[in-house]
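Quick look at work-v1.csv (CSV, C-alpha atoms):
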chain,number,residue,atom,x,y,z
A,1,MET,CA,0.0,0.0,0.0
A,2,LYS,CA,3.0,2.3,-0.1
A,3,ASN,CA,2.8,3.2,-3.8
A,4,ILE,CA,1.2,6.7,-4.3
A,5,LYS,CA,-0.7,5.5,-7.3
A,6,ASN,CA,-2.3,2.7,-5.3
A,7,ILE,CA,-3.2,5.1,-2.5
A,8,VAL,CA,-4.8,7.5,-4.9
A,9,TYR,CA,-6.9,4.8,-6.7
A,10,ILE,CA,-7.9,3.2,-3.4
A,11,SER,CA,-9.1,6.6,-2.2
A,12,LEU,CA,-10.9,7.1,-5.5
A,13,PHE,CA,-12.8,3.9,-5.5
A,14,ALA,CA,-13.6,4.3,-1.8
A,15,SER,CA,-15.0,7.7,-2.6
A,16,ILE,CA,-17.2,6.4,-5.4
A,17,TRP,CA,-18.5,3.6,-3.2
A,18,GLY,CA,-18.9,6.0,-0.3
A,19,VAL,CA,-21.0,8.4,-2.5
A,20,ILE,CA,-23.2,5.5,-3.7
A,21,GLU,CA,-23.6,4.1,-0.2
A,22,VAL,CA,-24.3,7.4,1.5
A,23,PHE,CA,-26.8,8.7,-1.1
A,24,LEU,CA,-28.2,5.8,-3.0
A,25,GLY,CA,-28.2,3.6,0.1
A,26,GLY,CA,-29.9,6.3,2.0
A,27,TYR,CA,-32.7,6.6,-0.6
A,28,LEU,CA,-33.2,2.9,-0.9
A,29,GLN,CA,-33.5,2.7,2.9
A,30,LEU,CA,-35.9,5.6,2.9
A,31,PHE,CA,-38.3,4.0,0.4
A,32,ASN,CA,-37.9,0.5,2.0
A,33,LEU,CA,-37.2,-1.0,-1.4
A,34,PRO,CA,-36.9,-4.8,-1.6
A,35,PHE,CA,-33.5,-6.3,-2.4
A,36,ARG,CA,-31.8,-3.0,-1.4
A,37,GLY,CA,-29.0,-4.9,0.3
A,38,ALA,CA,-28.4,-7.0,-2.8
A,39,LEU,CA,-28.6,-3.9,-5.1
A,40,MET,CA,-26.0,-2.0,-3.0
A,41,ALA,CA,-23.8,-5.1,-3.0
A,42,GLY,CA,-24.2,-5.3,-6.8
A,43,PHE,CA,-23.1,-1.7,-7.2
A,44,ALA,CA,-20.2,-2.4,-4.8
A,45,CYS,CA,-19.1,-5.5,-6.7
A,46,ILE,CA,-19.0,-3.6,-10.0
A,47,LEU,CA,-16.7,-1.0,-8.4
A,48,LEU,CA,-14.5,-3.6,-6.6
A,49,ASN,CA,-14.1,-5.8,-9.7
A,50,ILE,CA,-13.1,-2.8,-11.7
A,51,SER,CA,-10.8,-1.5,-8.9
A,52,LYS,CA,-8.8,-4.8,-9.2
A,53,ILE,CA,-7.6,-3.8,-12.7
A,54,PHE,CA,-6.3,-0.5,-11.4
A,55,VAL,CA,-4.9,-1.5,-8.1
A,56,ASP,CA,-3.0,-4.7,-8.5
A,57,LEU,CA,-2.4,-5.3,-4.8
A,58,ARG,CA,-3.4,-8.0,-2.4
A,59,GLY,CA,-5.8,-6.6,0.2
A,60,SER,CA,-6.7,-3.5,-1.8
A,61,VAL,CA,-10.4,-4.3,-1.7
A,62,ILE,CA,-10.2,-4.7,2.1
A,63,TYR,CA,-8.7,-1.2,2.3
A,64,ILE,CA,-11.4,0.2,0.0
A,65,SER,CA,-14.1,-1.3,2.1
A,66,LEU,CA,-12.5,-0.1,5.4
A,67,ILE,CA,-12.4,3.5,4.1
A,68,THR,CA,-16.0,3.2,2.7
A,69,ALA,CA,-17.2,1.9,6.1
A,70,PHE,CA,-15.5,4.9,7.7
A,71,LEU,CA,-17.3,7.3,5.2
A,72,LYS,CA,-20.6,5.6,6.1
A,73,LEU,CA,-19.8,5.9,9.8
A,74,ILE,CA,-19.3,9.7,9.6
A,75,SER,CA,-22.3,10.3,7.2
A,76,PHE,CA,-25.7,11.5,8.4
A,77,GLY,CA,-28.4,9.2,9.6
A,78,SER,CA,-28.4,6.5,12.2
A,79,PHE,CA,-28.5,2.7,12.5
A,80,LYS,CA,-25.5,2.2,10.3
A,81,LEU,CA,-24.5,-1.1,11.8
A,82,GLY,CA,-26.1,-3.2,9.0
A,83,PRO,CA,-24.6,-1.2,6.1
A,84,ILE,CA,-21.2,-1.0,7.7
A,85,ALA,CA,-21.1,-4.7,8.5
A,86,GLY,CA,-22.3,-5.3,4.9
A,87,ILE,CA,-19.6,-3.1,3.4
A,88,LEU,CA,-16.8,-4.9,5.4
A,89,ILE,CA,-18.1,-8.4,4.7
A,90,GLU,CA,-18.5,-7.7,1.0
A,91,GLY,CA,-14.9,-6.4,0.9
A,92,PHE,CA,-13.6,-9.5,2.6
A,93,ILE,CA,-15.6,-11.8,0.3
A,94,VAL,CA,-14.4,-10.1,-2.9
A,95,GLU,CA,-10.8,-10.1,-1.7
A,96,PHE,CA,-10.9,-13.7,-0.6
A,97,ILE,CA,-12.2,-14.8,-4.0
A,98,TYR,CA,-9.6,-12.8,-5.8
A,99,ILE,CA,-6.9,-14.3,-3.7
A,100,ILE,CA,-8.1,-17.8,-4.4
A,101,PHE,CA,-8.9,-17.6,-8.1
A,102,GLY,CA,-6.8,-14.6,-9.3
A,103,SER,CA,-8.0,-11.7,-11.4
A,104,ASN,CA,-10.2,-13.3,-14.1
A,105,ASN,CA,-13.8,-13.6,-15.3
A,106,LEU,CA,-14.6,-16.5,-12.9
A,107,SER,CA,-13.5,-14.3,-9.9
A,108,VAL,CA,-15.6,-11.5,-11.3
A,109,PHE,CA,-18.8,-13.6,-11.4
A,110,LEU,CA,-18.1,-15.5,-8.1
A,111,ALA,CA,-17.3,-12.3,-6.2
A,112,SER,CA,-20.5,-10.6,-7.4
A,113,LEU,CA,-22.6,-13.7,-6.7
A,114,PHE,CA,-21.3,-14.3,-3.2
A,115,ALA,CA,-21.2,-10.7,-2.2
A,116,CYS,CA,-24.9,-10.3,-3.2
A,117,LEU,CA,-25.8,-13.6,-1.5
A,118,GLU,CA,-24.2,-12.2,1.7
A,119,GLY,CA,-27.5,-10.2,2.2
A,120,ILE,CA,-29.3,-13.4,3.2
A,121,PRO,CA,-27.4,-14.4,6.3
A,122,HIS,CA,-26.8,-10.7,6.9
A,123,PHE,CA,-30.6,-10.1,7.2
A,124,PHE,CA,-31.0,-12.9,9.8
A,125,ILE,CA,-28.0,-11.9,11.8
A,126,THR,CA,-28.9,-8.2,11.9
A,127,SER,CA,-32.5,-9.0,12.7
A,128,TRP,CA,-31.3,-11.1,15.6
A,129,ILE,CA,-29.0,-8.4,16.9
A,130,ILE,CA,-31.6,-5.6,16.5
A,131,TYR,CA,-34.8,-7.4,17.6
A,132,GLY,CA,-33.5,-10.4,19.5
A,133,GLY,CA,-34.4,-14.1,18.9
A,134,SER,CA,-38.1,-13.7,19.4
A,135,ILE,CA,-38.5,-11.8,16.1
A,136,PHE,CA,-38.2,-15.1,14.1
A,137,GLU,CA,-41.0,-16.8,16.1
A,138,ALA,CA,-43.2,-13.7,15.6
A,139,TYR,CA,-42.5,-13.7,11.8
A,140,LEU,CA,-43.3,-17.4,11.5
A,141,LYS,CA,-46.5,-17.0,13.6
A,142,THR,CA,-47.6,-14.0,11.5
A,143,ILE,CA,-47.0,-15.9,8.2
A,144,GLU,CA,-48.9,-18.9,9.6
A,145,LYS,CA,-51.9,-16.8,10.6
A,146,VAL,CA,-51.9,-14.9,7.3
A,147,ALA,CA,-51.8,-18.2,5.5
A,148,LEU,CA,-54.8,-19.4,7.6
A,149,ILE,CA,-56.8,-16.2,6.9
A,150,PHE,CA,-56.2,-16.2,3.2
A,151,LYS,CA,-56.4,-20.0,3.0
A,152,ILE,CA,-53.0,-20.4,1.4
A,153,LYS,CA,-50.5,-23.1,2.1
A,154,LYS,CA,-48.5,-22.8,5.3
A,155,ASP,CA,-45.2,-23.4,3.6
A,156,LEU,CA,-45.7,-20.2,1.6
A,157,TYR,CA,-42.8,-18.6,3.4
A,158,LEU,CA,-40.5,-21.2,1.9
A,159,TRP,CA,-41.5,-20.0,-1.6
A,160,ILE,CA,-41.0,-16.4,-0.5
A,161,LEU,CA,-37.6,-17.4,0.8
A,162,PHE,CA,-36.8,-19.1,-2.5
A,163,ILE,CA,-37.9,-16.1,-4.6
A,164,TRP,CA,-35.8,-13.9,-2.2
A,165,ILE,CA,-32.7,-16.0,-2.7
A,166,LEU,CA,-33.3,-16.2,-6.5
A,167,GLY,CA,-33.5,-12.3,-6.6
A,168,HIS,CA,-30.1,-12.1,-4.9
A,169,VAL,CA,-28.7,-14.6,-7.3
A,170,PHE,CA,-30.1,-12.7,-10.3
A,171,ILE,CA,-28.7,-9.3,-9.0
A,172,GLY,CA,-25.3,-11.0,-8.4
A,173,LEU,CA,-25.2,-12.4,-11.9
A,174,ILE,CA,-26.2,-9.1,-13.5
A,175,SER,CA,-23.6,-7.3,-11.4
A,176,GLY,CA,-21.0,-9.9,-12.6
A,177,TYR,CA,-22.0,-9.4,-16.2
A,178,ILE,CA,-21.8,-5.6,-16.0
A,179,SER,CA,-18.5,-5.9,-14.2
A,180,LYS,CA,-17.1,-8.1,-17.0
A,181,ILE,CA,-18.3,-5.7,-19.7
A,182,LEU,CA,-16.9,-2.7,-18.0
A,183,ARG,CA,-13.6,-4.3,-17.1
A,184,GLU,CA,-13.0,-5.2,-20.7
A,185,ARG,CA,-14.0,-1.8,-21.9
A,186,LEU,CA,-11.9,0.1,-19.4
A,187,LYS,CA,-8.9,-2.1,-20.0
A,188,SER,CA,-9.1,-1.4,-23.8
A,189,GLU,CA,-9.9,2.3,-23.5
A,190,ILE,CA,-8.0,3.6,-20.5
A,191,LEU,CA,-5.2,1.2,-19.6
B,1,MET,CA,-9.4,3.3,31.7
B,2,LYS,CA,-12.5,3.2,33.8
B,3,PHE,CA,-14.5,4.5,30.8
B,4,TYR,CA,-13.5,1.6,28.6
B,5,ASN,CA,-14.5,-0.9,31.3
B,6,ILE,CA,-18.0,0.5,31.4
B,7,LYS,CA,-18.1,0.5,27.6
B,8,ASN,CA,-17.0,-3.1,27.5
B,9,LEU,CA,-19.6,-4.0,30.2
B,10,ILE,CA,-22.4,-2.4,28.2
B,11,LEU,CA,-21.4,-4.3,25.1
B,12,ILE,CA,-21.1,-7.6,27.1
B,13,VAL,CA,-24.5,-7.1,28.7
B,14,PHE,CA,-26.0,-6.3,25.3
B,15,LEU,CA,-24.5,-9.4,23.7
B,16,LEU,CA,-25.8,-11.4,26.6
B,17,SER,CA,-29.3,-10.0,26.0
B,18,LEU,CA,-29.3,-11.5,22.5
B,19,PHE,CA,-29.5,-15.0,23.9
B,20,PHE,CA,-32.7,-14.5,25.9
B,21,SER,CA,-36.1,-14.0,24.5
B,22,SER,CA,-38.1,-14.5,27.7
B,23,LEU,CA,-39.5,-11.3,29.1
B,24,GLU,CA,-38.8,-12.4,32.7
B,25,ILE,CA,-35.1,-12.8,32.0
B,26,LEU,CA,-34.7,-10.0,29.5
B,27,LEU,CA,-36.3,-7.3,31.6
B,28,PRO,CA,-33.6,-7.3,34.4
B,29,ILE,CA,-30.9,-7.4,31.7
B,30,PHE,CA,-32.6,-4.5,29.9
B,31,LEU,CA,-32.9,-2.4,33.0
B,32,PHE,CA,-29.3,-3.0,34.0
B,33,SER,CA,-28.1,-2.0,30.5
B,34,VAL,CA,-30.2,1.1,30.5
B,35,PHE,CA,-29.0,2.0,34.0
B,36,LEU,CA,-25.3,1.5,32.9
B,37,ILE,CA,-25.8,3.8,29.8
B,38,TYR,CA,-27.8,6.3,31.9
B,39,ILE,CA,-25.0,6.7,34.5
B,40,HIS,CA,-22.4,7.2,31.8
B,41,SER,CA,-24.2,9.0,29.0
B,42,LYS,CA,-27.8,10.1,29.5
B,43,LYS,CA,-28.1,11.5,25.9
B,44,SER,CA,-27.5,8.0,24.5
B,45,LEU,CA,-30.9,6.9,25.7
B,46,ARG,CA,-32.6,9.0,23.0
B,47,PHE,CA,-34.7,7.4,20.2
B,48,SER,CA,-32.7,7.5,17.0
B,49,GLY,CA,-33.8,6.6,13.4
B,50,GLY,CA,-36.8,9.0,13.2
B,51,PHE,CA,-40.5,8.4,13.5
B,52,ARG,CA,-40.7,6.0,10.5
B,53,PHE,CA,-38.2,3.7,12.0
B,54,TRP,CA,-40.1,3.2,15.3
B,55,ILE,CA,-43.7,3.1,14.0
B,56,PHE,CA,-43.5,-0.3,12.3
B,57,PRO,CA,-42.1,-2.3,15.2
B,58,ILE,CA,-44.5,-0.6,17.7
B,59,ILE,CA,-47.5,-1.4,15.5
B,60,PHE,CA,-46.3,-4.9,14.8
B,61,VAL,CA,-45.7,-5.7,18.5
B,62,SER,CA,-49.0,-4.1,19.6
B,63,LEU,CA,-51.1,-5.9,17.0
B,64,LEU,CA,-49.4,-9.3,17.2
B,65,PRO,CA,-51.2,-10.5,20.3
B,66,PHE,CA,-54.6,-9.9,18.5
B,67,PHE,CA,-53.6,-12.3,15.7
B,68,THR,CA,-51.3,-14.9,17.1
B,69,GLY,CA,-53.4,-16.0,20.1
B,70,ASP,CA,-55.7,-19.0,20.3
B,71,LYS,CA,-58.7,-17.0,19.4
B,72,PHE,CA,-58.6,-14.8,16.4
B,73,LEU,CA,-58.9,-11.0,17.1
B,74,SER,CA,-58.9,-11.5,20.9
B,75,TYR,CA,-56.1,-10.0,22.8
B,76,SER,CA,-53.7,-12.5,24.3
B,77,LEU,CA,-51.5,-11.4,27.2
B,78,ALA,CA,-49.3,-14.5,26.8
B,79,GLU,CA,-48.6,-13.5,23.2
B,80,PHE,CA,-47.8,-10.0,24.2
B,81,LYS,CA,-45.3,-11.3,26.7
B,82,LYS,CA,-43.7,-13.2,23.9
B,83,ALA,CA,-43.6,-10.1,21.6
B,84,ALA,CA,-42.6,-7.4,24.0
B,85,PRO,CA,-38.9,-8.5,24.1
B,86,ILE,CA,-38.7,-7.4,20.4
B,87,LEU,CA,-39.3,-3.8,21.5
B,88,LEU,CA,-37.0,-4.1,24.5
B,89,HIS,CA,-34.2,-5.4,22.2
B,90,LEU,CA,-34.8,-2.7,19.7
B,91,TYR,CA,-34.6,0.1,22.2
B,92,LEU,CA,-31.5,-1.5,23.9
B,93,PHE,CA,-29.8,-1.8,20.5
B,94,ASN,CA,-30.7,1.9,19.8
B,95,CYS,CA,-29.1,3.0,23.1
B,96,VAL,CA,-26.0,0.9,22.6
B,97,LEU,CA,-25.5,2.2,19.1
B,98,ASN,CA,-26.1,5.8,20.3
B,99,TYR,CA,-23.5,5.2,23.0
B,100,ILE,CA,-20.9,3.9,20.6
B,101,ASN,CA,-21.6,6.8,18.1
B,102,ASP,CA,-21.4,9.3,20.9
B,103,SER,CA,-18.1,8.0,22.3
B,104,LEU,CA,-16.3,7.5,19.0
B,105,SER,CA,-14.2,10.2,17.4
B,106,ILE,CA,-12.1,10.4,14.3
B,107,ASN,CA,-9.0,10.5,16.5
B,108,ASP,CA,-9.9,7.2,18.0
B,109,ILE,CA,-10.2,5.7,14.5
B,110,TYR,CA,-6.8,7.1,13.5
B,111,GLY,CA,-5.4,5.8,16.7
B,112,PHE,CA,-6.8,2.4,16.1
B,113,PHE,CA,-5.1,2.1,12.7
B,114,LYS,CA,-1.8,3.6,13.9
B,115,LYS,CA,-1.7,1.1,16.8
B,116,ARG,CA,-2.0,-1.7,14.3
B,117,ASN,CA,0.8,-0.3,12.1
B,118,MET,CA,-1.7,0.7,9.4
B,119,ARG,CA,-0.7,4.4,9.3
B,120,TYR,CA,-1.3,4.6,5.5
B,121,VAL,CA,-5.0,4.1,6.2
B,122,GLY,CA,-4.9,7.5,7.8
B,123,LEU,CA,-3.4,8.9,4.7
B,124,VAL,CA,-6.0,7.3,2.5
B,125,ILE,CA,-8.8,8.5,4.8
B,126,SER,CA,-7.5,12.1,4.5
B,127,LEU,CA,-7.2,11.8,0.7
B,128,THR,CA,-10.6,10.2,0.4
B,129,LEU,CA,-12.2,13.0,2.5
B,130,SER,CA,-10.6,15.6,0.3
B,131,ILE,CA,-11.8,14.0,-3.0
B,132,PHE,CA,-15.2,12.8,-1.7
B,133,LYS,CA,-17.0,16.1,-2.4
B,134,LYS,CA,-15.5,16.4,-5.9
B,135,ILE,CA,-16.6,12.8,-6.7
B,136,ARG,CA,-20.1,13.5,-5.4
B,137,TYR,CA,-20.4,16.6,-7.5
B,138,ASP,CA,-19.1,14.7,-10.6
B,139,ILE,CA,-21.6,11.8,-10.0
B,140,GLN,CA,-24.5,14.2,-9.6
B,141,GLU,CA,-23.5,16.0,-12.8
B,142,THR,CA,-23.2,12.7,-14.7
B,143,LEU,CA,-26.6,11.6,-13.5
B,144,ILE,CA,-28.3,14.9,-14.6
B,145,TYR,CA,-26.6,14.8,-17.9
B,146,TYR,CA,-27.3,11.1,-18.5
B,147,ALA,CA,-31.0,11.5,-17.6
B,148,LYS,CA,-31.5,13.9,-20.5
B,149,PHE,CA,-30.4,11.4,-23.1
B,150,LYS,CA,-32.6,8.3,-23.7
B,151,GLY,CA,-30.8,5.7,-25.8
B,152,ASN,CA,-32.4,2.8,-27.5
B,153,ARG,CA,-30.3,0.1,-26.0
B,154,ASN,CA,-31.6,-2.3,-23.3
B,155,LYS,CA,-31.7,-1.3,-19.7
B,156,ILE,CA,-28.7,-3.4,-18.6
B,157,HIS,CA,-26.5,-1.8,-21.2
B,158,LYS,CA,-27.8,1.6,-20.3
B,159,PHE,CA,-27.0,1.0,-16.7
B,160,ALA,CA,-23.5,-0.3,-17.6
B,161,ASN,CA,-22.9,2.8,-19.6
B,162,LEU,CA,-23.9,5.0,-16.7
B,163,ILE,CA,-21.5,3.2,-14.3
B,164,TYR,CA,-18.8,3.4,-17.0
B,165,LEU,CA,-19.3,7.2,-17.3
B,166,ILE,CA,-19.1,7.6,-13.5
B,167,ILE,CA,-15.9,5.5,-13.2
B,168,ARG,CA,-14.3,7.1,-16.2
B,169,ASN,CA,-15.0,10.6,-14.9
B,170,SER,CA,-13.8,9.7,-11.5
B,171,LEU,CA,-10.6,8.2,-12.9
B,172,LYS,CA,-9.9,11.5,-14.5
B,173,THR,CA,-10.1,13.1,-11.1
B,174,GLY,CA,-7.7,10.5,-9.8
B,175,GLU,CA,-5.3,11.1,-12.7
B,176,ASN,CA,-5.3,14.9,-11.9
B,177,ILE,CA,-4.4,14.2,-8.3
B,178,LEU,CA,-1.7,11.8,-9.4
B,179,CYS,CA,-0.3,14.4,-11.8
B,180,LEU,CA,-0.3,17.0,-9.0
B,181,LEU,CA,1.5,14.7,-6.6
B,182,TYR,CA,4.1,13.8,-9.2
B,183,LEU,CA,4.6,17.4,-10.1
B,184,ARG,CA,5.1,18.3,-6.4
B,185,ASP,CA,7.4,15.3,-6.1
B,186,ILE,CA,5.4,13.8,-3.3
B,187,LYS,CA,6.5,10.2,-2.9
B,188,ILE,CA,6.0,7.4,-0.5
B,189,LYS,CA,9.1,5.3,-0.3
B,190,GLU,CA,8.8,1.6,-1.0
B,191,LYS,CA,10.7,-0.5,1.5
Any chance you could put this one into structure tokens?
Amino acid sequence: MKNIKNIVYISLFASIWGVIEVFLGGYLQLFNLPFRGALMAGFACILLNISKIFVDLRGSVIYISLITAFLKLISFGSFKLGPIAGILIEGFIVEFIYIIFGSNNLSVFLASLFACLEGIPHFFITSWIIYGGSIFEAYLKTIEKVALIFKIKKDLYLWILFIWILGHVFIGLISGYISKILRERLKSEIL
Amino acid sequence: MKFYNIKNLILIVFLLSLFFSSLEILLPIFLFSVFLIYIHSKKSLRFSGGFRFWIFPIIFVSLLPFFTGDKFLSYSLAEFKKAAPILLHLYLFNCVLNYINDSLSINDIYGFFKKRNMRYVGLVISLTLSIFKKIRYDIQETLIYYAKFKGNRNKIHKFANLIYLIIRNSLKTGENILCLLYLRDIKIKEK
């Protein structure tokens, strides 16, 4: 991390991610849009995958995520635990995949997919931390009663869960595809 | 030193509370945590997150006993006892987070990185903070400009183009900073 070029590019990508997190993340949170975590992870993955062609350094993505988490921490709004944890976890996932598979198209897709899927355990863990263990029982009971009132199958929640996971996978793949296109384009036009 | 002990105690008690969902056990833990926060930082007991954040859990917990009891639409005290810990957890989480936010400063974060021999993170943070505004302005300008032109290509390609524009414009900012640093002969020695 001692090369000035690396430092500038790390700051640059952290700034872009920070702007997206602070403003777009804030709007998505405000309107309670579904899949907002996966969408933010998708954006982040595009940036992180591209950053790897400019900063050829092991751990660079972890640095970028640390700085972005810091930007999120000092931004306005409260309850930043979820997004900050998300930023750091996504950074670690992407870096881990690049360390194992190197910088290629497979890493691009895997990193995007796994970073977007991170939203699923993330939701359960943050719900547990914020509301405690009783929230899951309450959710299941509500689903059971709603199913009873509308005379739909009790295992409806499994379908909802399936669609939810599928949505994350879809966003991850789209993010991987966009990352791939942009990496090739930026490589040929700028580098 | 004493300050950090209380801080740790608050965090430990909060973590402990995550493993209990029975009102009888949770209530003393909740009161003890609130008391600890109260004696150290009264203002951390405020409600954060705005009206919209609190309204959903309050309505959810209040209405749950009407629907999840044995008889439909009759209030069940037993169900209320099961649901009440959700609100207690939420308020406790809010207070702990306020407490952490209130007691955390930028100097603490710099100190944290310096202690772990990561002093370049401090440099990246400073650089990021200085270019954050410029990047934000550039992204806003790109979004306004891009919204005026509606291409015929599909949405994924349009979105990819937008991200490409944002990154390309930001990279220009990065190159300008690099030029400036090279012109001023600012180097960070490689070991």
Measuring atom to atom with all atoms listed in the file, identify which of B:His157, B:Leu18, B:Leu87, B:Leu178 is nearest to Phe56 in chain B.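 Nearest to Phe56 in chain B: B:Leu87.
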Report as a ChimeraX atom specification the set of chain B residues whose atoms approach chain A to within 8 Å, with distances computed over all atoms listed in the file. /B:17-21,48-49,64,67-68,82-83,85-90,93-94,97,120-121,124-125,127-129,131-132,135-136,156-157,160,164,167,170-171,174,177-178,187-190
Atoms kept (C-alpha atoms) for selection, written as a PDB file, keeping the file's coordinate frame:
ATOM      1  CA  SER B  17     -29.300 -10.000  26.000  1.00  0.00           C
ATOM      2  CA  LEU B  18     -29.300 -11.500  22.500  1.00  0.00           C
ATOM      3  CA  PHE B  19     -29.500 -15.000  23.900  1.00  0.00           C
ATOM      4  CA  PHE B  20     -32.700 -14.500  25.900  1.00  0.00           C
ATOM      5  CA  SER B  21     -36.100 -14.000  24.500  1.00  0.00           C
ATOM      6  CA  SER B  48     -32.700   7.500  17.000  1.00  0.00           C
ATOM      7  CA  GLY B  49     -33.800   6.600  13.400  1.00  0.00           C
ATOM      8  CA  LEU B  64     -49.400  -9.300  17.200  1.00  0.00           C
ATOM      9  CA  PHE B  67     -53.600 -12.300  15.700  1.00  0.00           C
ATOM     10  CA  THR B  68     -51.300 -14.900  17.100  1.00  0.00           C
ATOM     11  CA  LYS B  82     -43.700 -13.200  23.900  1.00  0.00           C
ATOM     12  CA  ALA B  83     -43.600 -10.100  21.600  1.00  0.00           C
ATOM     13  CA  PRO B  85     -38.900  -8.500  24.100  1.00  0.00           C
ATOM     14  CA  ILE B  86     -38.700  -7.400  20.400  1.00  0.00           C
ATOM     15  CA  LEU B  87     -39.300  -3.800  21.500  1.00  0.00           C
ATOM     16  CA  LEU B  88     -37.000  -4.100  24.500  1.00  0.00           C
ATOM     17  CA  HIS B  89     -34.200  -5.400  22.200  1.00  0.00           C
ATOM     18  CA  LEU B  90     -34.800  -2.700  19.700  1.00  0.00           C
ATOM     19  CA  PHE B  93     -29.800  -1.800  20.500  1.00  0.00           C
ATOM     20  CA  ASN B  94     -30.700   1.900  19.800  1.00  0.00           C
ATOM     21  CA  LEU B  97     -25.500   2.200  19.100  1.00  0.00           C
ATOM     22  CA  TYR B 120      -1.300   4.600   5.500  1.00  0.00           C
ATOM     23  CA  VAL B 121      -5.000   4.100   6.200  1.00  0.00           C
ATOM     24  CA  VAL B 124      -6.000   7.300   2.500  1.00  0.00           C
ATOM     25  CA  ILE B 125      -8.800   8.500   4.800  1.00  0.00           C
ATOM     26  CA  LEU B 127      -7.200  11.800   0.700  1.00  0.00           C
ATOM     27  CA  THR B 128     -10.600  10.200   0.400  1.00  0.00           C
ATOM     28  CA  LEU B 129     -12.200  13.000   2.500  1.00  0.00           C
ATOM     29  CA  ILE B 131     -11.800  14.000  -3.000  1.00  0.00           C
ATOM     30  CA  PHE B 132     -15.200  12.800  -1.700  1.00  0.00           C
ATOM     31  CA  ILE B 135     -16.600  12.800  -6.700  1.00  0.00           C
ATOM     32  CA  ARG B 136     -20.100  13.500  -5.400  1.00  0.00           C
ATOM     33  CA  ILE B 156     -28.700  -3.400 -18.600  1.00  0.00           C
ATOM     34  CA  HIS B 157     -26.500  -1.800 -21.200  1.00  0.00           C
ATOM     35  CA  ALA B 160     -23.500  -0.300 -17.600  1.00  0.00           C
ATOM     36  CA  TYR B 164     -18.800   3.400 -17.000  1.00  0.00           C
ATOM     37  CA  ILE B 167     -15.900   5.500 -13.200  1.00  0.00           C
ATOM     38  CA  SER B 170     -13.800   9.700 -11.500  1.00  0.00           C
ATOM     39  CA  LEU B 171     -10.600   8.200 -12.900  1.00  0.00           C
ATOM     40  CA  GLY B 174      -7.700  10.500  -9.800  1.00  0.00           C
ATOM     41  CA  ILE B 177      -4.400  14.200  -8.300  1.00  0.00           C
ATOM     42  CA  LEU B 178      -1.700  11.800  -9.400  1.00  0.00           C
ATOM     43  CA  LYS B 187       6.500  10.200  -2.900  1.00  0.00           C
ATOM     44  CA  ILE B 188       6.000   7.400  -0.500  1.00  0.00           C
ATOM     45  CA  LYS B 189       9.100   5.300  -0.300  1.00  0.00           C
ATOM     46  CA  GLU B 190       8.800   1.600  -1.000  1.00  0.00           C
TER      47      GLU B 190
END
Interatomic distance between CA of Glu90 in chain A and CA of Leu123 in chain B? 22.7 Å
Neighbour residues at most 12 Å from (-28.3, -15.2, 8.3) (all atoms listed in the file) as a PyMOL selection string: chain A and resi 117-129+136+165
Once you have the residues from the selection above, write them out as a PDB file, in the frame of the given file, restricted to C-alpha atoms.
ATOM      1  CA  LEU A 117     -25.800 -13.600  -1.500  1.00  0.00           C
ATOM      2  CA  GLU A 118     -24.200 -12.200   1.700  1.00  0.00           C
ATOM      3  CA  GLY A 119     -27.500 -10.200   2.200  1.00  0.00           C
ATOM      4  CA  ILE A 120     -29.300 -13.400   3.200  1.00  0.00           C
ATOM      5  CA  PRO A 121     -27.400 -14.400   6.300  1.00  0.00           C
ATOM      6  CA  HIS A 122     -26.800 -10.700   6.900  1.00  0.00           C
ATOM      7  CA  PHE A 123     -30.600 -10.100   7.200  1.00  0.00           C
ATOM      8  CA  PHE A 124     -31.000 -12.900   9.800  1.00  0.00           C
ATOM      9  CA  ILE A 125     -28.000 -11.900  11.800  1.00  0.00           C
ATOM     10  CA  THR A 126     -28.900  -8.200  11.900  1.00  0.00           C
ATOM     11  CA  SER A 127     -32.500  -9.000  12.700  1.00  0.00           C
ATOM     12  CA  TRP A 128     -31.300 -11.100  15.600  1.00  0.00           C
ATOM     13  CA  ILE A 129     -29.000  -8.400  16.900  1.00  0.00           C
ATOM     14  CA  PHE A 136     -38.200 -15.100  14.100  1.00  0.00           C
ATOM     15  CA  ILE A 165     -32.700 -16.000  -2.700  1.00  0.00           C
TER      16      ILE A 165
END
Give me the residues near Ile37 in chain B as a PyMOL selection string, where near means some atom within 9 Å (using all atoms listed in the file) and where sequence neighbours in that chain fewer than 6 positions away do not count. chain B and resi 6-7+10+43-45+95-96+99
Nearest candidate to Phe35 in chain A (options A:Lys154, A:His168, A:Lys72, A:Lys52; using all atoms listed in the file):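 With all atoms listed in the file as the atom set, the closest residue is A:His168.
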Kindly give the distance, in Å, that separates CA of Ile100 in chain B and CA of Leu88 in chain A, rounded to a single decimal.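 Taking CA of Ile100 in chain B and CA of Leu88 in chain A, their separation equals 18.0 Å.
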Taking into account all atoms listed in the file, which residue in the set B:Ser130, B:Ile166, B:Ser33, B:Leu27 is nearest to Asn8 in chain B?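 Checking each candidate against Asn8 in chain B, we get B:Ser33 as the closest.
Neighbouring residues of Tyr98 in chain A at 10 Å or closer, counting only C-alpha atoms and skipping chain neighbours under 2 positions away, are Asn49, Lys52, Arg58, Gly59, Val61, Phe92, Ile93, Val94, Glu95, Phe96, Ile100, Phe101, Gly102, Ser103, Asn104, Leu106, Ser107, Val108, Leu110 and Ala111 of chain A.
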Pairwise distance, CA of Ile163 in chain A with CA of Ala147 in chain A, equals 17.3 Å
Would you list the residues near (-54.9, -7.8, 25.1), meaning any protein, DNA or RNA residue with an atom at most 7 Å from that point in file coordinates, counting all atoms listed in the file, as a list in words?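 Every residue inside that radius is included here: Pro65, Phe66, Ser74, Tyr75, Ser76 and Leu77 of chain B.
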